[in-house]
>>> print(open('input.cif').read())   # mmCIF, C-alpha atoms
data_run
#
loop_
_atom_site.label_atom_id
_atom_site.label_comp_id
_atom_site.auth_asym_id
_atom_site.auth_seq_id
_atom_site.Cartn_x
_atom_site.Cartn_y
_atom_site.Cartn_z
CA MET A 1 0.00 0.00 0.00
CA SER A 2 2.72 2.39 0.96
CA ASP A 3 4.68 1.47 -2.18
CA ILE A 4 1.70 2.25 -4.38
CA SER A 5 1.05 5.59 -2.76
CA THR A 6 4.74 6.51 -3.02
CA ASN A 7 4.80 5.67 -6.72
CA THR A 8 1.60 7.60 -7.35
CA ARG A 9 3.09 10.60 -5.58
CA VAL A 10 6.27 10.51 -7.71
CA GLU A 11 4.32 10.15 -10.94
CA SER A 12 1.93 12.93 -10.03
CA ARG A 13 4.87 15.21 -9.35
CA LEU A 14 6.43 14.41 -12.75
CA ASP A 15 3.12 14.82 -14.58
CA THR A 16 1.97 18.05 -13.00
CA GLY A 17 5.31 19.80 -12.63
CA GLU A 18 4.06 21.13 -9.31
CA ALA A 19 7.28 21.72 -7.43
CA GLY A 20 7.26 22.93 -3.84
CA PHE A 21 8.96 26.10 -2.58
CA GLY A 22 11.85 24.05 -1.18
CA ASP A 23 12.55 22.58 -4.63
CA TYR A 24 13.14 26.05 -6.07
CA PHE A 25 15.31 26.94 -3.11
CA ALA A 26 17.36 23.77 -3.74
CA LEU A 27 18.10 25.07 -7.27
CA LEU A 28 20.08 27.89 -5.65
CA LYS A 29 22.62 25.44 -4.16
CA PRO A 30 22.16 26.65 -0.55
CA ARG A 31 25.41 25.14 0.70
CA VAL A 32 27.49 26.93 -1.96
CA MET A 33 25.43 30.05 -1.28
CA SER A 34 26.42 29.96 2.40
CA LEU A 35 30.11 30.17 1.43
CA VAL A 36 29.30 33.06 -0.93
CA VAL A 37 27.39 34.90 1.81
CA PHE A 38 30.10 34.36 4.41
CA THR A 39 33.06 35.46 2.26
CA ALA A 40 31.17 38.42 0.77
CA LEU A 41 30.20 39.52 4.28
CA VAL A 42 33.81 39.33 5.46
CA GLY A 43 34.91 41.36 2.41
CA LEU A 44 32.29 43.98 3.22
CA LEU A 45 33.04 44.17 6.94
CA ALA A 46 36.82 44.15 6.50
CA ALA A 47 36.68 47.17 4.18
CA PRO A 48 37.78 50.52 5.67
CA VAL A 49 34.51 52.25 4.68
CA PRO A 50 31.47 51.62 6.92
CA VAL A 51 28.17 50.66 5.28
CA HIS A 52 24.69 51.16 6.76
CA PRO A 53 23.62 47.80 8.24
CA LEU A 54 20.44 47.63 6.16
CA LEU A 55 22.25 48.40 2.90
CA ALA A 56 24.92 45.86 3.85
CA PHE A 57 22.21 43.26 4.48
CA ALA A 58 20.52 44.06 1.16
CA ALA A 59 23.83 43.92 -0.73
CA ILE A 60 24.77 40.54 0.75
CA LEU A 61 21.26 39.24 0.00
CA PHE A 62 21.56 40.23 -3.66
CA VAL A 63 25.05 38.74 -3.90
CA ALA A 64 23.60 35.51 -2.46
CA ILE A 65 20.71 35.56 -4.95
CA GLY A 66 23.17 36.16 -7.81
CA GLY A 67 25.34 33.28 -6.60
CA GLY A 68 22.25 31.07 -6.27
CA ALA A 69 21.06 32.05 -9.75
CA SER A 70 24.36 30.98 -11.25
CA GLY A 71 23.95 27.68 -9.36
CA ALA A 72 20.50 27.21 -10.96
CA LEU A 73 21.92 27.91 -14.43
CA ASN A 74 24.69 25.41 -13.69
CA MET A 75 22.06 22.80 -12.80
CA TRP A 76 20.16 23.59 -16.01
CA TYR A 77 23.22 23.08 -18.21
CA ASP A 78 24.63 20.11 -16.29
CA ALA A 79 21.33 18.22 -15.94
CA ASP A 80 22.71 15.35 -18.07
CA ILE A 81 25.77 14.97 -15.82
CA ASP A 82 23.69 15.32 -12.64
CA ARG A 83 21.52 12.37 -13.74
CA ILE A 84 24.62 10.14 -13.85
CA MET A 85 26.54 11.24 -10.76
CA ARG A 86 25.33 9.68 -7.51
CA ARG A 87 26.13 12.84 -5.55
CA THR A 88 23.79 14.96 -7.70
CA GLN A 89 20.95 12.58 -8.58
CA SER A 90 18.65 14.03 -5.93
CA ARG A 91 18.83 17.57 -7.35
CA PRO A 92 15.47 18.99 -8.54
CA ILE A 93 15.98 18.37 -12.29
CA PRO A 94 17.28 14.76 -12.15
CA ALA A 95 14.63 14.00 -9.50
CA GLY A 96 11.94 15.19 -11.95
CA LYS A 97 10.65 17.96 -9.71
CA ILE A 98 11.42 20.94 -11.96
CA SER A 99 11.88 21.00 -15.75
CA GLU A 100 15.08 22.19 -17.43
CA SER A 101 13.36 25.10 -19.22
CA GLU A 102 11.81 26.30 -15.98
CA THR A 103 15.20 26.14 -14.27
CA PHE A 104 16.76 28.18 -17.08
CA ALA A 105 14.05 30.87 -16.82
CA PHE A 106 14.36 30.90 -13.02
CA GLY A 107 18.17 31.26 -13.17
CA MET A 108 18.14 33.97 -15.84
CA PHE A 109 15.48 36.03 -14.08
CA LEU A 110 17.26 35.88 -10.73
CA SER A 111 20.64 36.72 -12.32
CA VAL A 112 19.34 39.92 -13.94
CA PHE A 113 17.31 40.78 -10.84
CA ALA A 114 20.29 40.34 -8.48
CA VAL A 115 22.65 42.47 -10.60
CA ILE A 116 20.17 45.33 -11.01
CA MET A 117 19.22 45.30 -7.34
CA LEU A 118 22.87 45.23 -6.21
CA ALA A 119 23.57 48.24 -8.43
CA LEU A 120 20.67 50.09 -6.76
CA ALA A 121 21.61 49.00 -3.23
CA SER A 122 25.34 49.71 -3.54
CA ASN A 123 27.24 50.74 -6.68
CA LEU A 124 28.00 49.81 -10.28
CA VAL A 125 31.44 48.32 -9.53
CA ALA A 126 29.95 45.74 -7.15
CA ALA A 127 27.10 45.01 -9.58
CA GLY A 128 29.56 44.67 -12.48
CA LEU A 129 31.67 42.23 -10.48
CA LEU A 130 28.55 40.18 -9.64
CA ALA A 131 27.51 40.11 -13.31
CA PHE A 132 31.00 38.98 -14.29
CA THR A 133 30.97 36.29 -11.58
CA ILE A 134 27.69 34.86 -12.88
CA PHE A 135 28.98 34.99 -16.47
CA PHE A 136 32.26 33.35 -15.46
CA TYR A 137 30.61 30.53 -13.52
CA VAL A 138 27.91 29.76 -16.09
CA VAL A 139 29.60 30.41 -19.43
CA VAL A 140 33.36 30.09 -18.80
CA TYR A 141 33.29 27.29 -16.20
CA THR A 142 30.05 25.33 -16.73
CA MET A 143 29.65 25.58 -20.51
CA TRP A 144 33.25 25.74 -21.60
CA LEU A 145 35.92 24.53 -19.17
CA LYS A 146 34.15 21.83 -17.15
CA ARG A 147 33.74 19.36 -20.01
CA TRP A 148 36.87 20.36 -21.91
CA THR A 149 39.95 20.56 -19.72
CA PRO A 150 41.23 18.92 -16.53
CA GLN A 151 42.22 22.42 -15.42
CA ASN A 152 38.47 23.18 -15.19
CA ILE A 153 38.38 23.82 -11.47
CA VAL A 154 41.65 25.80 -11.49
CA ILE A 155 40.28 28.52 -13.78
CA GLY A 156 36.64 27.98 -12.84
CA GLY A 157 37.56 28.44 -9.20
CA ALA A 158 37.73 32.17 -9.90
CA ALA A 159 33.93 32.29 -9.86
CA GLY A 160 33.84 31.18 -6.24
CA ALA A 161 36.63 33.60 -5.36
CA PHE A 162 34.86 36.81 -6.38
CA PRO A 163 32.37 37.23 -3.46
CA PRO A 164 34.80 38.87 -0.96
CA MET A 165 35.89 41.19 -3.75
CA ILE A 166 32.23 42.09 -4.37
CA GLY A 167 31.69 42.67 -0.64
CA TRP A 168 34.74 44.96 -0.55
CA ALA A 169 33.46 46.84 -3.61
CA VAL A 170 30.04 47.31 -1.97
CA ALA A 171 31.77 49.26 0.81
CA THR A 172 34.56 51.04 -1.05
CA GLY A 173 33.23 51.22 -4.61
CA GLY A 174 36.50 49.80 -5.93
CA VAL A 175 39.16 47.11 -5.89
CA SER A 176 42.33 47.08 -3.78
CA ILE A 177 45.25 44.85 -2.88
CA GLU A 178 43.34 43.46 0.11
CA SER A 179 40.34 42.40 -1.96
CA VAL A 180 42.62 40.92 -4.63
CA LEU A 181 44.41 38.90 -1.94
CA MET A 182 41.12 37.57 -0.53
CA PHE A 183 40.19 36.59 -4.10
CA THR A 184 43.55 34.88 -4.61
CA LEU A 185 43.26 33.02 -1.31
CA ILE A 186 40.03 31.31 -2.42
CA PHE A 187 41.26 30.93 -5.99
CA MET A 188 44.40 29.01 -4.94
CA TRP A 189 42.52 27.04 -2.26
CA THR A 190 39.92 25.67 -4.70
CA PRO A 191 42.11 23.18 -6.66
CA PRO A 192 43.52 21.21 -3.69
CA HIS A 193 40.05 21.24 -2.09
CA PHE A 194 38.29 19.76 -5.14
CA TRP A 195 41.08 17.44 -6.20
CA ALA A 196 41.03 15.86 -2.73
CA LEU A 197 37.28 15.31 -3.25
CA ALA A 198 37.93 13.86 -6.73
CA LEU A 199 40.41 11.37 -5.25
CA PHE A 200 37.74 9.68 -3.15
CA MET A 201 34.72 10.30 -5.45
CA LYS A 202 36.51 8.68 -8.35
CA SER A 203 33.80 6.73 -10.17
CA ASP A 204 31.33 9.65 -10.20
CA TYR A 205 33.42 11.92 -12.41
CA ARG A 206 34.59 9.07 -14.65
CA ASP A 207 31.04 7.81 -15.22
CA ALA A 208 29.82 11.32 -16.06
CA GLY A 209 32.71 11.91 -18.50
CA VAL A 210 33.92 15.02 -16.66
CA PRO A 211 37.64 15.43 -17.40
CA MET A 212 38.79 15.78 -13.81
CA LEU A 213 42.53 15.54 -13.35
CA THR A 214 42.09 12.14 -11.68
CA VAL A 215 40.41 10.84 -14.86
CA THR A 216 42.71 12.38 -17.49
CA HIS A 217 46.16 12.36 -15.85
CA GLY A 218 45.79 9.75 -13.14
CA ARG A 219 45.79 9.84 -9.41
CA LYS A 220 49.56 10.16 -8.92
CA THR A 221 49.59 13.40 -10.95
CA THR A 222 46.57 14.68 -9.01
CA ARG A 223 48.39 14.09 -5.75
CA ALA A 224 51.40 16.03 -7.08
CA HIS A 225 49.14 18.88 -8.20
CA ILE A 226 47.59 19.08 -4.73
CA ILE A 227 50.92 19.65 -3.04
CA VAL A 228 52.07 22.17 -5.68
CA TYR A 229 48.93 24.30 -5.25
CA THR A 230 49.11 23.99 -1.46
CA ILE A 231 52.72 25.27 -1.55
CA LEU A 232 51.65 28.18 -3.79
CA LEU A 233 48.70 28.92 -1.50
CA ALA A 234 50.72 29.24 1.72
CA PRO A 235 52.63 32.50 0.91
CA ILE A 236 49.40 34.13 -0.32
CA ALA A 237 47.56 33.19 2.88
CA VAL A 238 50.43 34.38 5.08
CA GLY A 239 51.16 37.43 2.89
CA THR A 240 47.59 38.67 3.36
CA GLY A 241 48.50 39.11 7.01
CA PHE A 242 50.86 41.99 6.15
CA THR A 243 48.11 44.11 4.61
CA SER A 244 45.56 46.34 6.36
CA ILE A 245 43.15 43.42 6.90
CA GLY A 246 45.82 41.33 8.65
CA GLY A 247 47.35 41.47 12.09
CA PRO A 248 48.79 39.22 14.82
CA VAL A 249 45.64 37.08 15.17
CA TYR A 250 45.36 36.53 11.43
CA MET A 251 49.10 35.86 11.11
CA ALA A 252 49.13 33.26 13.89
CA THR A 253 46.04 31.57 12.41
CA ALA A 254 47.50 31.55 8.90
CA LEU A 255 50.85 30.16 10.04
CA VAL A 256 49.34 27.30 12.03
CA LEU A 257 46.73 26.39 9.42
CA ASN A 258 49.17 26.45 6.53
CA VAL A 259 51.65 24.21 8.32
CA ILE A 260 48.84 21.67 8.95
CA PHE A 261 47.52 22.04 5.38
CA LEU A 262 51.00 21.53 3.92
CA LYS A 263 51.49 18.45 6.10
CA GLY A 264 48.17 17.07 4.81
CA ALA A 265 49.16 17.73 1.20
CA TRP A 266 52.56 16.11 1.83
CA ASP A 267 50.84 12.99 3.25
CA ILE A 268 48.55 12.80 0.22
CA TRP A 269 51.50 13.16 -2.15
CA ARG A 270 53.53 10.43 -0.42
CA ARG A 271 50.66 7.94 -0.33
CA GLU A 272 50.44 4.96 -2.60
CA GLU A 273 47.06 4.29 -4.20
CA THR A 274 46.87 0.82 -2.68
CA ALA A 275 47.30 2.25 0.82
CA ALA A 276 44.60 4.85 0.12
CA GLU A 277 42.19 2.21 -1.11
CA ALA A 278 42.95 0.03 1.90
CA ASP A 279 41.85 2.66 4.42
CA GLU A 280 39.10 4.04 2.13
CA TYR A 281 40.89 7.35 1.47
CA LYS A 282 41.03 8.36 5.10
CA THR A 283 43.85 10.89 4.60
CA GLU A 284 42.19 12.42 1.52
CA LYS A 285 38.84 12.74 3.32
CA ARG A 286 40.54 14.32 6.34
CA PHE A 287 42.38 16.78 4.07
CA PHE A 288 39.12 17.67 2.30
CA ALA A 289 37.31 18.28 5.61
CA PHE A 290 40.22 20.32 6.95
CA SER A 291 40.32 22.42 3.76
CA ILE A 292 36.80 23.70 4.54
CA PHE A 293 37.85 24.65 8.07
CA TYR A 294 41.07 26.19 6.67
CA LEU A 295 39.22 28.69 4.49
CA PHE A 296 36.58 29.42 7.12
CA ALA A 297 39.21 30.10 9.80
CA HIS A 298 41.20 32.48 7.57
CA PHE A 299 38.12 34.62 6.96
CA VAL A 300 37.08 34.47 10.62
CA ALA A 301 40.58 35.70 11.53
CA ILE A 302 40.12 38.68 9.19
CA LEU A 303 36.83 39.43 10.95
CA VAL A 304 38.46 39.12 14.37
CA GLU A 305 41.15 41.65 13.36
CA LYS A 306 38.42 44.05 12.26
CA GLY A 307 36.44 43.44 15.46
CA LEU A 308 39.49 44.13 17.64
CA ALA A 309 40.37 47.37 15.81
CA PRO A 310 38.06 49.68 17.87
CA TYR A 311 39.86 48.50 21.03
CA GLY A 312 43.26 49.27 19.56
CA LEU A 313 44.12 45.58 19.30
CA GLY A 314 43.40 44.65 15.67
CA GLY A 315 45.88 45.03 12.82
CA TRP A 316 49.53 46.00 13.12
CA THR A 317 49.10 49.48 14.60
CA MET B 1 -6.65 2.70 -6.50
CA ASN B 2 -9.57 4.92 -5.61
CA SER B 3 -8.38 5.23 -2.05
CA SER B 4 -5.05 6.67 -3.22
CA ALA B 5 -6.62 9.38 -5.43
CA PRO B 6 -7.60 11.81 -2.66
CA ARG B 7 -4.11 11.48 -1.20
CA VAL B 8 -2.59 12.56 -4.54
CA GLU B 9 -4.87 15.60 -4.69
CA HIS B 10 -4.04 16.46 -1.10
CA GLU B 11 -0.30 16.16 -1.72
CA ILE B 12 -0.44 18.43 -4.80
CA HIS B 13 -2.46 21.02 -2.95
CA ASN B 14 -0.03 21.00 -0.04
CA ARG B 15 2.89 21.54 -2.38
CA ARG B 16 1.06 24.30 -4.24
CA ARG B 17 0.16 25.98 -0.96
CA SER B 18 3.77 25.82 0.26
CA ARG B 19 4.89 27.45 -3.01
CA ASN B 20 2.25 30.18 -2.85
CA VAL B 21 2.86 30.97 0.80
CA GLY B 22 6.64 30.97 0.20
CA LEU B 23 6.30 33.29 -2.79
CA GLY B 24 3.96 35.56 -0.84
CA ILE B 25 6.46 35.86 2.01
CA VAL B 26 9.30 36.53 -0.47
CA LEU B 27 7.36 39.26 -2.27
CA GLY B 28 6.20 40.87 0.98
CA SER B 29 9.75 40.86 2.33
CA PHE B 30 10.99 42.36 -0.93
CA VAL B 31 8.53 45.26 -0.71
CA LEU B 32 9.58 45.91 2.91
CA LEU B 33 13.25 45.77 1.93
CA ILE B 34 12.80 48.26 -0.92
CA MET B 35 10.88 50.63 1.37
CA SER B 36 13.59 50.42 4.04
CA MET B 37 16.38 50.86 1.49
CA THR B 38 14.65 53.93 0.06
CA TYR B 39 14.25 55.43 3.54
CA VAL B 40 17.91 54.81 4.44
CA LYS B 41 19.20 56.15 1.12
CA LEU B 42 17.02 59.27 1.24
CA THR B 43 17.95 59.96 4.87
CA ALA B 44 21.64 59.61 4.09
CA GLN B 45 21.25 61.79 0.99
CA ASN B 46 19.41 64.48 2.98
CA ALA B 47 22.08 64.42 5.67
CA ALA B 48 24.81 64.76 3.04
CA MET B 49 22.96 67.63 1.35
CA ALA B 50 22.42 69.39 4.69
CA GLU B 51 26.11 69.02 5.51
CA GLU B 52 27.10 70.34 2.10
CA HIS B 53 24.70 73.26 2.47
CA ALA B 54 26.08 74.10 5.92
CA LYS B 55 29.63 74.00 4.58
CA LYS B 56 28.67 76.24 1.67
CA GLN B 57 27.03 78.74 4.01
CA ALA B 58 30.04 78.73 6.30
CA ALA B 59 32.35 79.29 3.34
CA GLU B 60 30.17 82.17 2.11
CA ALA B 61 30.11 83.73 5.56
CA ALA B 62 33.87 83.41 5.82
CA ALA B 63 34.28 84.98 2.39
CA VAL B 64 32.08 87.93 3.40
CA GLY B 65 33.99 88.21 6.68
CA THR B 66 37.38 88.42 4.97
CA ALA B 67 36.07 90.68 2.21
CA THR B 68 34.66 93.34 4.61
CA PRO B 69 37.90 94.29 6.41
CA THR B 70 39.71 94.47 3.06
CA SER B 71 37.15 96.91 1.65
CA SER B 72 37.20 99.03 4.82
CA GLN B 73 40.97 98.96 4.69
CA GLU B 74 40.80 100.26 1.10
CA LYS B 75 38.48 103.06 2.26
CA SER B 76 40.83 104.12 5.05
CA ASP B 77 43.75 104.14 2.63
#
>>> encode(input="input.cif", output="structure tokens")
Amino acid sequence: MSDISTNTRVESRLDTGEAGFGDYFALLKPRVMSLVVFTALVGLLAAPVPVHPLLAFAAILFVAIGGGASGALNMWYDADIDRIMRRTQSRPIPAGKISESETFAFGMFLSVFAVIMLALASNLVAAGLLAFTIFFYVVVYTMWLKRWTPQNIVIGGAAGAFPPMIGWAVATGGVSIESVLMFTLIFMWTPPHFWALALFMKSDYRDAGVPMLTVTHGRKTTRAHIIVYTILLAPIAVGTGFTSIGGPVYMATALVLNVIFLKGAWDIWRREETAAEADEYKTEKRFFAFSIFYLFAHFVAILVEKGLAPYGLGGWT
Amino acid sequence: MNSSAPRVEHEIHNRRRSRNVGLGIVLGSFVLLIMSMTYVKLTAQNAAMAEEHAKKQAAEAAAVGTATPTSSQEKSD
């Protein structure tokens, strides 16, 4: 009885196209959106120009909607891949909850809406950066790089790195060395983060025909790439500490985290594939989980420096 | 089969209601946000204009103040 009612419910959903509110929200990739919101907020708060709290809230909201819209357009274009990969089979399009054309219209509308509203809430530089971010993620990464080159996430990672720069532009109306460094921090962090994921989600990418480095160049090369990018990331993360958004707290955080991150990358590089398979990629999974904390902690440290500034404790002065 | 039909109707209506209520809340919040943004922007703009006006008046007063002694000085000469 319960089986029959479940089947009827699924069929009715496919036939009617009546998706719930939560299904549309899922199109915005809420988890990715949370990273966008957090880093954009840090960029905005770390800037030397104060913004009215309501305008700051509105600006971050529109950045989040823009980021979510690009996620919806990504789901529209990648629906064929999402149907194959286990990790993405429950998304609204593969699950039959929302049609591809509806997703496209939803994503396009929200993209234009978010850019216009950000321009009205803050300034044209921030809105221009948001428009470029959406374009970069949808056209450059999703449509072009993702299915073409194993360097897809290296260049495509730029899309996820723009939010703090947008937040900074909301406050200052421009770009500076600090916002470029925050961008670079996320940009250089993205490859080791995703390649670690690719090492233990191996069949998913291969089955979907996505040319991840693990598929095209093998796992040994991927491990080498992880350590190279982690080495390149460390001076950027530490170097940010010498700018106006850095300070003793940030510097101590960056030093400790980068030593641990480098150690993790070194362990991944030294590992044989048989050993990794034997313990079900324990080291790779640990490195992946730590990479999320790594980025979060760097941005929290920037916030702490800003928060301490009124008490004469933040920064180097 | 017949017993499952009302359940299907009910499920669809629930989903539709959730979508309508959600959209209603989103639109209502959007209107409130635009109103608040307009208020904040206009208040800030008025404050900036008032400050600019005060500065202009002060500059004019200073100019008159410096101009007067000079003219009286010319007269005495």
>>> atom_distance(input="input.cif", atom1="CA of Met35 (chain B)", atom2="CA of Leu130 (chain A)")
23.3 Å
>>> interface_residues(input="input.cif", of="chain B", to="chain A", cutoff="6 Å", atoms="only C-alpha atoms", output="count of residues only")
3
>>> closest_residue(input="input.cif", among="A:Ser34, A:Gln151, A:Thr243, A:Thr172", to="Thr216 (chain A)", atoms="all atoms listed in the file")
A:Gln151
>>> atom_distance(input="input.cif", atom1="CA of Trp189 (chain A)", atom2="CA of Ala265 (chain A)")
11.9 Å
>>> residues_around(input="input.cif", residues="Ile116 (chain A)", least_positions_apart="4", cutoff="10 Å", atoms="only C-alpha atoms", output="PyMOL selection string")
chain A and resi 62+110-112+120-121+123-124+127-128+130-131
>>> resolve_selection(input="input.cif", expression="the PyMOL selection byres ((chain A and resi 178) around 8)", output="NGL selection string")
:A and (176-177 or 179-182 or 240 or 243-245)
>>> atom_distance(input="input.cif", atom1="CA of Val51 (chain A)", atom2="CA of Glu305 (chain A)")
17.7 Å
>>> residues_around(input="input.cif", residues="His193 (chain A)", least_positions_apart="5", cutoff="12 Å", atoms="only C-alpha atoms", output="MDAnalysis selection string")
chainID A and resid 153:154 157 186:188 198:200 222:223 225:227 229:230 233 261 264:265 284:295
>>> resolve_selection(input="input.cif", expression="the PyMOL selection byres ((chain A and resi 135-149) around 12)", output="number ranges by chain")
A: 66-81, 104, 107-108, 111-112, 115, 128-134, 150-162, 205-206, 208-217
>>> write_last_selection(input="input.cif", atoms="C-alpha atoms", output="short mmCIF file (atom, residue, chain, number, x, y, z; two decimals), in the frame of the given file")
data_model
loop_
_atom_site.label_atom_id
_atom_site.label_comp_id
_atom_site.auth_asym_id
_atom_site.auth_seq_id
_atom_site.Cartn_x
_atom_site.Cartn_y
_atom_site.Cartn_z
CA GLY A 66 23.17 36.16 -7.81
CA GLY A 67 25.34 33.28 -6.60
CA GLY A 68 22.25 31.07 -6.27
CA ALA A 69 21.06 32.05 -9.75
CA SER A 70 24.36 30.98 -11.25
CA GLY A 71 23.95 27.68 -9.36
CA ALA A 72 20.50 27.21 -10.96
CA LEU A 73 21.92 27.91 -14.43
CA ASN A 74 24.69 25.41 -13.69
CA MET A 75 22.06 22.80 -12.80
CA TRP A 76 20.16 23.59 -16.01
CA TYR A 77 23.22 23.08 -18.21
CA ASP A 78 24.63 20.11 -16.29
CA ALA A 79 21.33 18.22 -15.94
CA ASP A 80 22.71 15.35 -18.07
CA ILE A 81 25.77 14.97 -15.82
CA PHE A 104 16.76 28.18 -17.08
CA GLY A 107 18.17 31.26 -13.17
CA MET A 108 18.14 33.97 -15.84
CA SER A 111 20.64 36.72 -12.32
CA VAL A 112 19.34 39.92 -13.94
CA VAL A 115 22.65 42.47 -10.60
CA GLY A 128 29.56 44.67 -12.48
CA LEU A 129 31.67 42.23 -10.48
CA LEU A 130 28.55 40.18 -9.64
CA ALA A 131 27.51 40.11 -13.31
CA PHE A 132 31.00 38.98 -14.29
CA THR A 133 30.97 36.29 -11.58
CA ILE A 134 27.69 34.86 -12.88
CA PRO A 150 41.23 18.92 -16.53
CA GLN A 151 42.22 22.42 -15.42
CA ASN A 152 38.47 23.18 -15.19
CA ILE A 153 38.38 23.82 -11.47
CA VAL A 154 41.65 25.80 -11.49
CA ILE A 155 40.28 28.52 -13.78
CA GLY A 156 36.64 27.98 -12.84
CA GLY A 157 37.56 28.44 -9.20
CA ALA A 158 37.73 32.17 -9.90
CA ALA A 159 33.93 32.29 -9.86
CA GLY A 160 33.84 31.18 -6.24
CA ALA A 161 36.63 33.60 -5.36
CA PHE A 162 34.86 36.81 -6.38
CA TYR A 205 33.42 11.92 -12.41
CA ARG A 206 34.59 9.07 -14.65
CA ALA A 208 29.82 11.32 -16.06
CA GLY A 209 32.71 11.91 -18.50
CA VAL A 210 33.92 15.02 -16.66
CA PRO A 211 37.64 15.43 -17.40
CA MET A 212 38.79 15.78 -13.81
CA LEU A 213 42.53 15.54 -13.35
CA THR A 214 42.09 12.14 -11.68
CA VAL A 215 40.41 10.84 -14.86
CA THR A 216 42.71 12.38 -17.49
CA HIS A 217 46.16 12.36 -15.85
#
>>> residues_around(input="input.cif", residues="Ile93 (chain A)", least_positions_apart="3", cutoff="9 Å", atoms="only C-alpha atoms", output="VMD selection string")
chain A and resid 27 75 to 76 79 82 to 83 89 to 90 96 to 100 103
>>> residues_around(input="input.cif", residues="Leu308 (chain A)", least_positions_apart="3", cutoff="12 Å", atoms="only C-alpha atoms", output="list of chain:residue names")
A:Ala46, A:Ile245, A:Gly246, A:Gly247, A:Pro248, A:Val249, A:Tyr250, A:Ala301, A:Ile302, A:Leu303, A:Val304, A:Glu305, A:Tyr311, A:Gly312, A:Leu313, A:Gly314, A:Gly315, A:Trp316, A:Thr317
>>> axis_aligned_box(input="input.cif", around="region 41-49 of chain B", padding_each_side="6 Å", output="lines of an AutoDock Vina configuration file")
center_x = 20.9
center_y = 61.9
center_z = 3.3
size_x = 19.8
size_y = 23.5
size_z = 16.7
>>> residues_around(input="input.cif", residues="Ala171 (chain A)", least_positions_apart="4", cutoff="7 Å", atoms="only C-alpha atoms", output="ChimeraX atom specification")
/A:44,47,49-51,167
